[in-house]
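Engineer: Please read through the structure below; I'll follow up with questions.
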Amino acid sequence: MVSPTSTRRPRSAGTAGGGGEAKQPGRPVGGEGSDELLLPDTAGALRRAVGRNLTAYGFLCGALICFALFSWYPMIREIVLSFQQNNFVDPGEWVGFDNFRTVVSDPAFRSAWLNTAAFSGLALVIGYAVPFVLAVVLNELKHAKAYLRFVVYLPVMLPPAVAVLLFKWFYDPGAGLFNQALDAVHLPPLSWLDSTSTALVSLVIVSTWMNLGTGTLIYLAALQSIPGDLYESAELDGAGLLKRVWHVTIPQTKLILLVMLLLQIVATMQVFIEPYLLTGGGPENATVTVAYLMYQYAFNFGDFGGGSALGLMLMIVLLVFSAVYLRVSREEAQR
């Protein structure tokens, strides 16, 4: 008996009417799983994926180059300069920790750190709380929200130097706006920038006004993301505005409040333009800050090593504070 398989003839792939399947371009020849040829759509998808990745890495390389040139290189250069005596004319001379000893022995060193800490503390009391309160008020309003947001953000659109010089006229002891307002209510004028008791507070007011809009809009965006059901439940329970803020608003915006706290401290610890344009560090070093003292060492005294040493100290303080803050906030988020 002859097996049926022994008489079966192999069909030609190209024979018409033989029931065989015609050979198609781009199909694998070796059967299922063969990798002799790629499907056309697979090759096109691969090319598109490679193109997208190359584009993404191109943009990433551009960002890395910008960071390397304008952030990382200056930081490394500052660290090197803090251990050198360098005037950028003659070759740098390695002096070890002499620059640190010089700036620490400067009588203005202690005043600069105390003034910087006091400025940061006052800015937290005024500049950190006022934008949040203003955002809560704007969020509660029913009309003219867009107009008021524009008014609040307007100071941010002014160049910082213009805003500071505007306040310099406000603080003028003669025809200044603030003293004219005090005179209108029969109060004695103040020496805003010429008194050791009011000069630093005056700088805090300027800084708060210039940066008020950014913080307010960030807080306002966070407030508008809170579900309205929470406020409705609080109102049904008889909670007033203050209780709603304490029990609903603050817990729901805790993360953004912590982030803004860190940014506020880092920014205020580097305050420079206000004392530079308004008081020049006076009166009696009452407004000398660490950043302003850095400027004096580098550009007034020609001691770039001393200025770099001060900058390195400030950077270490901010790094330690940021590390402690991030650890505390991480533990708080895990609870």
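Quick note on naming: the chains in the structure tokens go A, B, ... in the order shown, residues restart at 1 in each chain, and ligands are numbered from 1 in order of appearance.
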Excluding A:Arg77 and any residue of its chain fewer than 6 positions from it, enumerate the residues within 12 Å of it, using only C-alpha atoms, and give them as a list in words.

Structural biologist: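 My list of contacting residues is Ala68, Leu69, Phe70, Ser71, Phe83, Gln84, Asn86, Phe304, Gly305, Ser308, Ala309, Gly311 and Leu312 of chain A.
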
Engineer: From stretch 199-291 of chain A, collect each residue whose DSSP state is alpha helix (DSSP H) and return the set as JSON, numbers by chain.

Structural biologist: {"A": [199, 200, 201, 202, 203, 204, 205, 206, 207, 208, 209, 210, 211, 212, 213, 214, 215, 216, 217, 218, 219, 220, 221, 222, 223, 224, 228, 229, 230, 231, 232, 233, 234, 235, 236, 241, 242, 243, 244, 250, 251, 252, 254, 255, 256, 257, 258, 259, 260, 261, 262, 263, 264, 265, 266, 267, 268, 273, 274, 290, 291]}

Engineer: Write a file of the selected residues as a PDB file, in the first residue's frame, keeping C-alpha atoms.

Structural biologist:
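To be explicit, this is the file written out as selection.pdb:
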ATOM      1  CA  ALA A 199      16.446 100.247  56.236  1.00  0.00           C
ATOM      2  CA  LEU A 200      16.278  96.438  56.218  1.00  0.00           C
ATOM      3  CA  VAL A 201      12.489  96.414  56.528  1.00  0.00           C
ATOM      4  CA  SER A 202      12.315  98.816  53.598  1.00  0.00           C
ATOM      5  CA  LEU A 203      14.312  96.369  51.481  1.00  0.00           C
ATOM      6  CA  VAL A 204      11.966  93.534  52.448  1.00  0.00           C
ATOM      7  CA  ILE A 205       8.960  95.604  51.344  1.00  0.00           C
ATOM      8  CA  VAL A 206      10.576  96.225  47.949  1.00  0.00           C
ATOM      9  CA  SER A 207      11.431  92.546  47.485  1.00  0.00           C
ATOM     10  CA  THR A 208       7.933  91.449  48.507  1.00  0.00           C
ATOM     11  CA  TRP A 209       6.277  93.859  46.079  1.00  0.00           C
ATOM     12  CA  MET A 210       8.494  92.792  43.172  1.00  0.00           C
ATOM     13  CA  ASN A 211       7.879  89.052  43.653  1.00  0.00           C
ATOM     14  CA  LEU A 212       4.292  89.184  44.892  1.00  0.00           C
ATOM     15  CA  GLY A 213       2.685  88.282  41.573  1.00  0.00           C
ATOM     16  CA  THR A 214       4.585  85.058  40.949  1.00  0.00           C
ATOM     17  CA  GLY A 215       3.818  83.548  44.338  1.00  0.00           C
ATOM     18  CA  THR A 216       0.179  84.666  44.202  1.00  0.00           C
ATOM     19  CA  LEU A 217      -0.479  83.046  40.821  1.00  0.00           C
ATOM     20  CA  ILE A 218       1.224  79.813  41.871  1.00  0.00           C
ATOM     21  CA  TYR A 219      -0.877  79.641  45.036  1.00  0.00           C
ATOM     22  CA  LEU A 220      -4.000  80.561  43.078  1.00  0.00           C
ATOM     23  CA  ALA A 221      -3.410  77.711  40.626  1.00  0.00           C
ATOM     24  CA  ALA A 222      -2.990  75.307  43.556  1.00  0.00           C
ATOM     25  CA  LEU A 223      -6.199  76.568  45.183  1.00  0.00           C
ATOM     26  CA  GLN A 224      -8.223  76.123  42.002  1.00  0.00           C
ATOM     27  CA  GLY A 228     -15.092  71.961  45.373  1.00  0.00           C
ATOM     28  CA  ASP A 229     -16.810  69.113  47.241  1.00  0.00           C
ATOM     29  CA  LEU A 230     -14.434  69.615  50.149  1.00  0.00           C
ATOM     30  CA  TYR A 231     -15.456  73.249  50.537  1.00  0.00           C
ATOM     31  CA  GLU A 232     -19.131  72.366  50.194  1.00  0.00           C
ATOM     32  CA  SER A 233     -18.818  69.740  52.927  1.00  0.00           C
ATOM     33  CA  ALA A 234     -17.040  72.235  55.172  1.00  0.00           C
ATOM     34  CA  GLU A 235     -19.757  74.830  54.569  1.00  0.00           C
ATOM     35  CA  LEU A 236     -22.470  72.281  55.405  1.00  0.00           C
ATOM     36  CA  LEU A 241     -13.694  81.162  55.789  1.00  0.00           C
ATOM     37  CA  LEU A 242     -10.865  80.846  58.327  1.00  0.00           C
ATOM     38  CA  LYS A 243     -11.809  77.284  59.264  1.00  0.00           C
ATOM     39  CA  ARG A 244     -12.093  76.302  55.605  1.00  0.00           C
ATOM     40  CA  ILE A 250      -3.695  74.410  53.840  1.00  0.00           C
ATOM     41  CA  PRO A 251      -3.774  70.557  54.001  1.00  0.00           C
ATOM     42  CA  GLN A 252      -4.580  70.353  50.285  1.00  0.00           C
ATOM     43  CA  LYS A 254       0.843  71.440  51.751  1.00  0.00           C
ATOM     44  CA  LEU A 255       3.203  70.280  49.000  1.00  0.00           C
ATOM     45  CA  ILE A 256       3.229  73.575  47.113  1.00  0.00           C
ATOM     46  CA  LEU A 257       3.605  75.476  50.385  1.00  0.00           C
ATOM     47  CA  LEU A 258       6.708  73.444  51.231  1.00  0.00           C
ATOM     48  CA  VAL A 259       8.194  73.929  47.778  1.00  0.00           C
ATOM     49  CA  MET A 260       7.567  77.678  47.907  1.00  0.00           C
ATOM     50  CA  LEU A 261       9.120  77.823  51.364  1.00  0.00           C
ATOM     51  CA  LEU A 262      12.343  76.320  50.047  1.00  0.00           C
ATOM     52  CA  LEU A 263      12.410  78.595  47.008  1.00  0.00           C
ATOM     53  CA  GLN A 264      11.712  81.631  49.180  1.00  0.00           C
ATOM     54  CA  ILE A 265      14.593  80.935  51.546  1.00  0.00           C
ATOM     55  CA  VAL A 266      17.044  80.145  48.737  1.00  0.00           C
ATOM     56  CA  ALA A 267      16.092  83.356  46.903  1.00  0.00           C
ATOM     57  CA  THR A 268      16.171  85.652  49.939  1.00  0.00           C
ATOM     58  CA  ILE A 273      19.946  94.104  43.892  1.00  0.00           C
ATOM     59  CA  GLU A 274      17.966  95.820  46.680  1.00  0.00           C
ATOM     60  CA  VAL A 290      26.452  88.057  51.892  1.00  0.00           C
ATOM     61  CA  ALA A 291      25.814  88.495  48.165  1.00  0.00           C
TER      62      ALA A 291
END

Engineer: Within 12 Å of A:Ala161, counting only C-alpha atoms, which residues qualify if same-chain residues fewer than 2 places away don't, as a ChimeraX atom specification?

Structural biologist: /A:155-159,163-168,206-207,210,272-278

Engineer: Identify, on the basis of only C-alpha atoms, every residue whose closest approach to A:Ser120 does not exceed 8 Å; exclude the query and any residue fewer than 3 positions from it along the same chain; express the result as a VMD selection string.

Structural biologist: chain A and resid 116 to 117 123 to 124 265 268 to 269

Engineer: Could those selected residues go to a file with all heavy atoms, as a PDB file, in the first residue's frame?

Structural biologist:
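part.pdb, written as the output of this step:
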ATOM      1  N   THR A 116      21.578  88.979  56.357  1.00  0.00           N
ATOM      2  CA  THR A 116      20.973  88.029  55.416  1.00  0.00           C
ATOM      3  C   THR A 116      19.945  87.155  56.120  1.00  0.00           C
ATOM      4  O   THR A 116      18.847  86.907  55.589  1.00  0.00           O
ATOM      5  CB  THR A 116      22.060  87.161  54.775  1.00  0.00           C
ATOM      6  OG1 THR A 116      23.005  87.996  54.092  1.00  0.00           O
ATOM      7  CG2 THR A 116      21.460  86.172  53.793  1.00  0.00           C
ATOM      8  N   ALA A 117      20.293  86.669  57.317  1.00  0.00           N
ATOM      9  CA  ALA A 117      19.331  85.859  58.073  1.00  0.00           C
ATOM     10  C   ALA A 117      18.104  86.674  58.467  1.00  0.00           C
ATOM     11  O   ALA A 117      16.967  86.195  58.382  1.00  0.00           O
ATOM     12  CB  ALA A 117      20.011  85.280  59.308  1.00  0.00           C
ATOM     13  N   ALA A 123      11.349  88.322  55.259  1.00  0.00           N
ATOM     14  CA  ALA A 123      10.718  87.988  53.985  1.00  0.00           C
ATOM     15  C   ALA A 123       9.767  86.806  54.124  1.00  0.00           C
ATOM     16  O   ALA A 123       8.755  86.731  53.426  1.00  0.00           O
ATOM     17  CB  ALA A 123      11.784  87.692  52.935  1.00  0.00           C
ATOM     18  N   LEU A 124      10.077  85.869  55.034  1.00  0.00           N
ATOM     19  CA  LEU A 124       9.167  84.753  55.270  1.00  0.00           C
ATOM     20  C   LEU A 124       7.897  85.231  55.971  1.00  0.00           C
ATOM     21  O   LEU A 124       6.794  84.762  55.670  1.00  0.00           O
ATOM     22  CB  LEU A 124       9.849  83.673  56.102  1.00  0.00           C
ATOM     23  CG  LEU A 124      10.918  82.839  55.394  1.00  0.00           C
ATOM     24  CD1 LEU A 124      11.517  81.816  56.344  1.00  0.00           C
ATOM     25  CD2 LEU A 124      10.326  82.130  54.189  1.00  0.00           C
ATOM     26  N   ILE A 265      13.383  80.817  50.731  1.00  0.00           N
ATOM     27  CA  ILE A 265      14.593  80.935  51.546  1.00  0.00           C
ATOM     28  C   ILE A 265      15.831  80.999  50.658  1.00  0.00           C
ATOM     29  O   ILE A 265      16.745  81.816  50.881  1.00  0.00           O
ATOM     30  CB  ILE A 265      14.674  79.767  52.539  1.00  0.00           C
ATOM     31  CG1 ILE A 265      13.536  79.879  53.557  1.00  0.00           C
ATOM     32  CG2 ILE A 265      16.021  79.745  53.249  1.00  0.00           C
ATOM     33  CD1 ILE A 265      13.475  78.745  54.547  1.00  0.00           C
ATOM     34  N   THR A 268      15.888  84.536  49.031  1.00  0.00           N
ATOM     35  CA  THR A 268      16.171  85.652  49.939  1.00  0.00           C
ATOM     36  C   THR A 268      17.576  85.589  50.523  1.00  0.00           C
ATOM     37  O   THR A 268      18.135  86.627  50.877  1.00  0.00           O
ATOM     38  CB  THR A 268      15.145  85.685  51.078  1.00  0.00           C
ATOM     39  OG1 THR A 268      15.107  84.403  51.730  1.00  0.00           O
ATOM     40  CG2 THR A 268      13.759  86.005  50.549  1.00  0.00           C
ATOM     41  N   MET A 269      18.147  84.416  50.617  1.00  0.00           N
ATOM     42  CA  MET A 269      19.524  84.321  51.102  1.00  0.00           C
ATOM     43  C   MET A 269      20.525  84.893  50.105  1.00  0.00           C
ATOM     44  O   MET A 269      21.668  85.165  50.449  1.00  0.00           O
ATOM     45  CB  MET A 269      19.876  82.862  51.402  1.00  0.00           C
ATOM     46  CG  MET A 269      19.183  82.280  52.626  1.00  0.00           C
ATOM     47  SD  MET A 269      19.859  82.883  54.182  1.00  0.00           S
ATOM     48  CE  MET A 269      21.440  82.046  54.222  1.00  0.00           C
TER      49      MET A 269
END

Engineer: Of the candidates A:Gly44, A:Ile76, A:Asp183, A:Thr253, which one gets nearest to A:Ser225 if we count only C-alpha atoms?

Structural biologist: A:Thr253

Engineer: Just to confirm, what's the straight-line distance from atom CA of A:Arg110 to atom CA of A:Phe299 in Å (one decimal)?

Structural biologist: 20.2 Å

Engineer: Considering only C-alpha atoms, state which residue in the set A:Val136, A:Val317, A:Leu141, A:Leu193 is at the smallest distance from A:Trp246.

Structural biologist: A:Val136

Engineer: Excluding same-chain residues fewer than 5 positions from A:Gln85, what lies within 8 Å of it counting only C-alpha atoms, as a ChimeraX atom specification?

Structural biologist: /A:92-95,99,303-305

Engineer: Interatomic distance between atom CA of A:Val103 and atom CA of A:Leu310?

Structural biologist: 7.2 Å

Engineer: So how far away is atom CA of A:Val130 from atom CA of A:Pro283, in Å?

Structural biologist: 27.6 Å
